[in-house]
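Let me begin by presenting the structure, written as structure tokens, before commenting on it.
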Amino acid sequence: MKLKSLKFALAATVIGLAGQLTHAETLTVAASPIPHAEILEVVKPILAREGVTLEIKVFDDYIQPNVQVSEKRIDANYFQHKPYLDTYNKSKGTNLVSVAAVHIEPFGAYSHKIKKIADLPSGATVAIPNNPSNVGRALLLLSQAGLIQLKDPSNILATEHDIIKNPKQLKIRELDSAALPRILDQVDLAVINTNYALEAKLVPTRDALILEGGKSWYANLLVARPDNKNSPAIKKLAAALNSPEVKKFIEQKYKGSIIPAF
């Protein structure tokens, strides 16, 4: 009788493990290296306890993560804010959707040539990101610092055509976002996305001559497709990204350079 009971118990254990394996899910998420992939690493063990295996695919550009998700090669991505997502969907005819807001990366302006913004010379060259949503964001930052005046200082999609006053005759150059830290020696000032600033060992709260405040339209989002946004695995990921563990990690790791959006 004891042998039969043992066999029954072993069989039940095997069936139970098989059931767990059957219900385990793998979720693939595209992310920028810093801070997105770092934050997702914190989420991995949280999801593992929920039966979800998280695979992180790191990208250095702002195009492929959306391409991969829209073409269903990757389940979701985490790298962009809503103005960028809206602009991308409109220009590409896609309908990617926001699932959760996770963090804010205060935009900053940096220089290797001056120590404070008041020292920016007339005719200075200012480099800004070249994608439409971040062009407007950079111009708003320059406007808030009093370097330029915009027709509508609340227009997050402003362009250079919206500049109505440029008292220092600044030469504004639009360049690829990832390249901006590398050209700091070649320009007088560069407005840089915080993820690229951190990769270049720049500390926004220490090194930025101008820095956005905490209130922002630019919370970085978990993004998926309409067909999978309500899937159990995506919901578990969204909950984990908005968990107390992630909030604590962001606050302790980035010390104000990255701010929780939840």
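For the structure tokens, the naming scheme is as follows: chains receive sequential letters (A, B, ...) according to their order of presentation, residues are indexed from 1 within each chain, and ligands are indexed from 1 in presentation order.
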Near Val203 in chain A, counting only C-alpha atoms, which residues have an atom at most 7 Å away, once you skip same-chain residues fewer than 4 positions from it, shown as a count of residues only?
3
Secondary structure check, alpha helix (DSSP H) residues of range 108-149 of chain A, as a PDB file with N, CA and C atoms, in the first residue's frame:
```
ATOM      1  N   PRO A 132      10.566  64.206 -34.610  1.00  0.00           N
ATOM      2  CA  PRO A 132       9.629  65.315 -34.427  1.00  0.00           C
ATOM      3  C   PRO A 132       9.186  65.567 -32.994  1.00  0.00           C
ATOM      4  N   SER A 133       8.869  64.513 -32.231  1.00  0.00           N
ATOM      5  CA  SER A 133       8.365  64.741 -30.871  1.00  0.00           C
ATOM      6  C   SER A 133       9.443  65.323 -29.974  1.00  0.00           C
ATOM      7  N   ASN A 134      10.691  64.913 -30.179  1.00  0.00           N
ATOM      8  CA  ASN A 134      11.766  65.437 -29.340  1.00  0.00           C
ATOM      9  C   ASN A 134      12.302  66.778 -29.822  1.00  0.00           C
ATOM     10  N   VAL A 135      12.058  67.134 -31.076  1.00  0.00           N
ATOM     11  CA  VAL A 135      12.377  68.492 -31.532  1.00  0.00           C
ATOM     12  C   VAL A 135      11.560  69.484 -30.709  1.00  0.00           C
ATOM     13  N   GLY A 136      10.255  69.249 -30.634  1.00  0.00           N
ATOM     14  CA  GLY A 136       9.391  70.130 -29.856  1.00  0.00           C
ATOM     15  C   GLY A 136       9.781  70.173 -28.394  1.00  0.00           C
ATOM     16  N   ARG A 137      10.114  69.020 -27.857  1.00  0.00           N
ATOM     17  CA  ARG A 137      10.496  68.948 -26.439  1.00  0.00           C
ATOM     18  C   ARG A 137      11.775  69.753 -26.182  1.00  0.00           C
ATOM     19  N   ALA A 138      12.741  69.634 -27.084  1.00  0.00           N
ATOM     20  CA  ALA A 138      14.000  70.363 -26.929  1.00  0.00           C
ATOM     21  C   ALA A 138      13.779  71.869 -27.046  1.00  0.00           C
ATOM     22  N   LEU A 139      12.947  72.280 -28.001  1.00  0.00           N
ATOM     23  CA  LEU A 139      12.679  73.708 -28.174  1.00  0.00           C
ATOM     24  C   LEU A 139      11.939  74.284 -26.960  1.00  0.00           C
ATOM     25  N   LEU A 140      11.040  73.501 -26.374  1.00  0.00           N
ATOM     26  CA  LEU A 140      10.358  73.952 -25.159  1.00  0.00           C
ATOM     27  C   LEU A 140      11.359  74.157 -24.028  1.00  0.00           C
ATOM     28  N   LEU A 141      12.333  73.254 -23.918  1.00  0.00           N
ATOM     29  CA  LEU A 141      13.347  73.382 -22.872  1.00  0.00           C
ATOM     30  C   LEU A 141      14.177  74.648 -23.077  1.00  0.00           C
ATOM     31  N   LEU A 142      14.574  74.912 -24.324  1.00  0.00           N
ATOM     32  CA  LEU A 142      15.346  76.122 -24.632  1.00  0.00           C
ATOM     33  C   LEU A 142      14.508  77.378 -24.383  1.00  0.00           C
ATOM     34  N   SER A 143      13.214  77.274 -24.669  1.00  0.00           N
ATOM     35  CA  SER A 143      12.317  78.397 -24.438  1.00  0.00           C
ATOM     36  C   SER A 143      12.160  78.679 -22.947  1.00  0.00           C
ATOM     37  N   GLN A 144      12.001  77.623 -22.162  1.00  0.00           N
ATOM     38  CA  GLN A 144      11.844  77.782 -20.720  1.00  0.00           C
ATOM     39  C   GLN A 144      13.093  78.385 -20.078  1.00  0.00           C
TER      40      GLN A 144
END
```
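With only C-alpha atoms as the atoms that count, the minimum distance from Asp185 in chain A to the choices A:Lys229, A:Lys113, A:Arg173, A:His36 is reached by A:Lys113.
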How close does range 71-95 of chain A get to range 151-162 of chain A? List, as CSV, each residue of range 71-95 of chain A within 10 Å, its nearest atom pair and the distance in Å to one decimal, counting only C-alpha atoms.
```
residue,atom,partner,partner_atom,distance
A:Pro83,CA,A:Ile156,CA,7.9
A:Tyr84,CA,A:Leu157,CA,9.9
A:Thr87,CA,A:Leu157,CA,9.4
```
Take the residues from that selection and write them out as a PDB file, in the first residue's frame, keeping C-alpha atoms.
```pdb
ATOM      1  CA  PRO A  83       4.283  62.139 -28.077  1.00  0.00           C
ATOM      2  CA  TYR A  84       6.833  59.903 -29.823  1.00  0.00           C
ATOM      3  CA  THR A  87       3.974  60.618 -34.026  1.00  0.00           C
TER       4      THR A  87
END
```
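Pairwise distance (CA of Val52 in chain A, CA of Glu25 in chain A) equals 4.8 Å.
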Can you pull out the residues contacting range 91-97 of chain A? Cut-off 10 Å, using only C-alpha atoms, and skip same-chain residues under 3 positions away; I want them as a VMD selection string.
chain A and resid 66 to 67 69 to 71 76 to 77 82 85 to 88 100 221 to 229
Using only C-alpha atoms, please write the residues we just selected to a file, as a compact mmCIF listing (two decimals), in the first residue's frame.
```txt
# COMPACT_ATOMS: atom_id res chain seq x y z
CA ASN A 66 8.21 49.64 -32.79
CA VAL A 67 8.77 47.81 -36.08
CA VAL A 69 6.26 44.86 -32.11
CA SER A 70 3.98 45.95 -34.96
CA GLU A 71 5.21 43.00 -37.06
CA ALA A 76 5.97 44.66 -26.39
CA ASN A 77 8.48 47.45 -26.02
CA LYS A 82 3.43 59.22 -25.75
CA LEU A 85 4.39 56.98 -29.97
CA ASP A 86 1.64 59.19 -31.39
CA THR A 87 3.97 60.62 -34.03
CA TYR A 88 5.24 57.14 -34.97
CA ALA A 100 1.34 51.56 -18.59
CA LEU A 221 5.57 53.70 -21.59
CA LEU A 222 5.12 49.97 -21.86
CA VAL A 223 3.73 49.61 -25.40
CA ALA A 224 1.98 46.68 -27.04
CA ARG A 225 -0.55 45.96 -29.80
CA PRO A 226 -4.36 46.05 -29.63
CA ASP A 227 -4.43 42.25 -30.05
CA ASN A 228 -2.21 41.51 -27.02
CA LYS A 229 -2.52 44.55 -24.73
```
Glu50 in chain A environment, 10 Å, only C-alpha atoms, sequence neighbours closer than 6 positions dropped, as a PyMOL selection string
chain A and resi 24-25+44+233+236-237+240
Residues near Leu189 in chain A, anyone? I mean within 8 Å using only C-alpha atoms, not counting same-chain ones fewer than 4 positions away, as a PyMOL selection string.
chain A and resi 109-113+124-127+184
Okay, now the selection with N, CA and C atoms, as an mmCIF file, in the first residue's frame?
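Result went into result-v5.cif, see below:
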```cif
data_model
loop_
_atom_site.group_PDB
_atom_site.id
_atom_site.type_symbol
_atom_site.label_atom_id
_atom_site.label_comp_id
_atom_site.auth_asym_id
_atom_site.auth_seq_id
_atom_site.Cartn_x
_atom_site.Cartn_y
_atom_site.Cartn_z
ATOM 1 N N ALA A 109 20.115 69.690 -21.075
ATOM 2 C CA ALA A 109 21.034 70.317 -22.023
ATOM 3 C C ALA A 109 22.429 70.303 -21.415
ATOM 4 N N TYR A 110 23.424 69.866 -22.197
ATOM 5 C CA TYR A 110 24.774 69.633 -21.698
ATOM 6 C C TYR A 110 25.796 70.371 -22.562
ATOM 7 N N SER A 111 26.966 70.626 -21.971
ATOM 8 C CA SER A 111 28.027 71.297 -22.715
ATOM 9 C C SER A 111 29.388 70.908 -22.160
ATOM 10 N N HIS A 112 30.362 70.811 -23.048
ATOM 11 C CA HIS A 112 31.760 70.654 -22.643
ATOM 12 C C HIS A 112 32.499 71.986 -22.742
ATOM 13 N N LYS A 113 31.798 73.024 -23.204
ATOM 14 C CA LYS A 113 32.469 74.302 -23.470
ATOM 15 C C LYS A 113 32.108 75.410 -22.488
ATOM 16 N N ALA A 124 26.024 80.614 -30.983
ATOM 17 C CA ALA A 124 26.385 79.260 -30.546
ATOM 18 C C ALA A 124 25.615 78.206 -31.334
ATOM 19 N N THR A 125 26.241 77.036 -31.489
ATOM 20 C CA THR A 125 25.590 75.900 -32.137
ATOM 21 C C THR A 125 24.962 75.014 -31.061
ATOM 22 N N VAL A 126 23.664 74.786 -31.213
ATOM 23 C CA VAL A 126 22.919 73.967 -30.253
ATOM 24 C C VAL A 126 22.371 72.755 -30.988
ATOM 25 N N ALA A 127 22.753 71.560 -30.554
ATOM 26 C CA ALA A 127 22.291 70.325 -31.184
ATOM 27 C C ALA A 127 21.081 69.782 -30.412
ATOM 28 N N LEU A 184 29.450 66.300 -28.318
ATOM 29 C CA LEU A 184 29.466 67.405 -27.351
ATOM 30 C C LEU A 184 30.670 68.325 -27.533
#
```
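The neighbours of Lys247 in chain A here are the residues that come within 9 Å of it, using only C-alpha atoms and leaving out any residue fewer than 6 positions away in the same chain; they are Val102, His103, Leu241, Ile259, Pro260, Ala261 and Phe262 of chain A.
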Would you save the residues of that selection, restricted to N, CA and C atoms, as a tab-separated table (two decimals), in the first residue's frame?
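Writing the result to part.tsv gives the following:
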```tsv
chain	number	residue	atom	x	y	z
A	102	VAL	N	5.64	54.25	-16.87
A	102	VAL	CA	6.58	53.70	-15.89
A	102	VAL	C	7.47	54.78	-15.27
A	103	HIS	N	8.15	55.56	-16.10
A	103	HIS	CA	9.07	56.55	-15.53
A	103	HIS	C	9.19	57.76	-16.44
A	241	LEU	N	5.90	46.43	-13.51
A	241	LEU	CA	6.61	47.68	-13.79
A	241	LEU	C	6.10	48.83	-12.92
A	259	ILE	N	12.63	59.46	-12.77
A	259	ILE	CA	11.58	59.67	-11.78
A	259	ILE	C	10.43	58.69	-12.05
A	260	PRO	N	9.96	57.95	-11.04
A	260	PRO	CA	8.81	57.08	-11.25
A	260	PRO	C	7.60	57.89	-11.71
A	261	ALA	N	6.82	57.31	-12.63
A	261	ALA	CA	5.63	58.00	-13.15
A	261	ALA	C	4.36	57.41	-12.56
A	262	PHE	N	4.49	56.64	-11.48
A	262	PHE	CA	3.32	56.01	-10.88
A	262	PHE	C	3.36	56.14	-9.36
```
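With CA of Gly51 in chain A on one side and CA of Ala239 in chain A on the other, the separation reads 13.9 Å.
Comparing A:Ser32, A:Asn130, A:Ser243, A:Asn230 by their smallest distance to Glu174 in chain A, the closest is A:Asn130 (using only C-alpha atoms).
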Thr53 in chain A surroundings by only C-alpha atoms, 7 Å radius, close-in-sequence under 4 positions cut, as number ranges by chain:
A: 25-27, 47-48
Using C-alpha atoms, can you export the residues from the last selection as a PDB file, in the first residue's frame?
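File produced: result_39.pdb:
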```pdb
ATOM      1  CA  GLU A  25       4.598  31.932 -20.785  1.00  0.00           C
ATOM      2  CA  THR A  26       7.525  33.675 -22.401  1.00  0.00           C
ATOM      3  CA  LEU A  27       7.230  37.400 -22.983  1.00  0.00           C
ATOM      4  CA  LEU A  47       7.284  37.827 -13.368  1.00  0.00           C
ATOM      5  CA  ALA A  48       8.962  34.458 -12.816  1.00  0.00           C
TER       6      ALA A  48
END
```
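Across the structure, CA of Ile250 in chain A and CA of Ile34 in chain A are spaced 11.5 Å apart.
Minimum atom-to-atom distances from A:Lys248, A:Ile163, A:Glu199, A:Pro204 to Ala178 in chain A were compared using only C-alpha atoms, and the lowest value belongs to A:Glu199.
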DSSP strand (DSSP E or B) residues within range 129-231 of chain A, listed as a count of residues only:
23
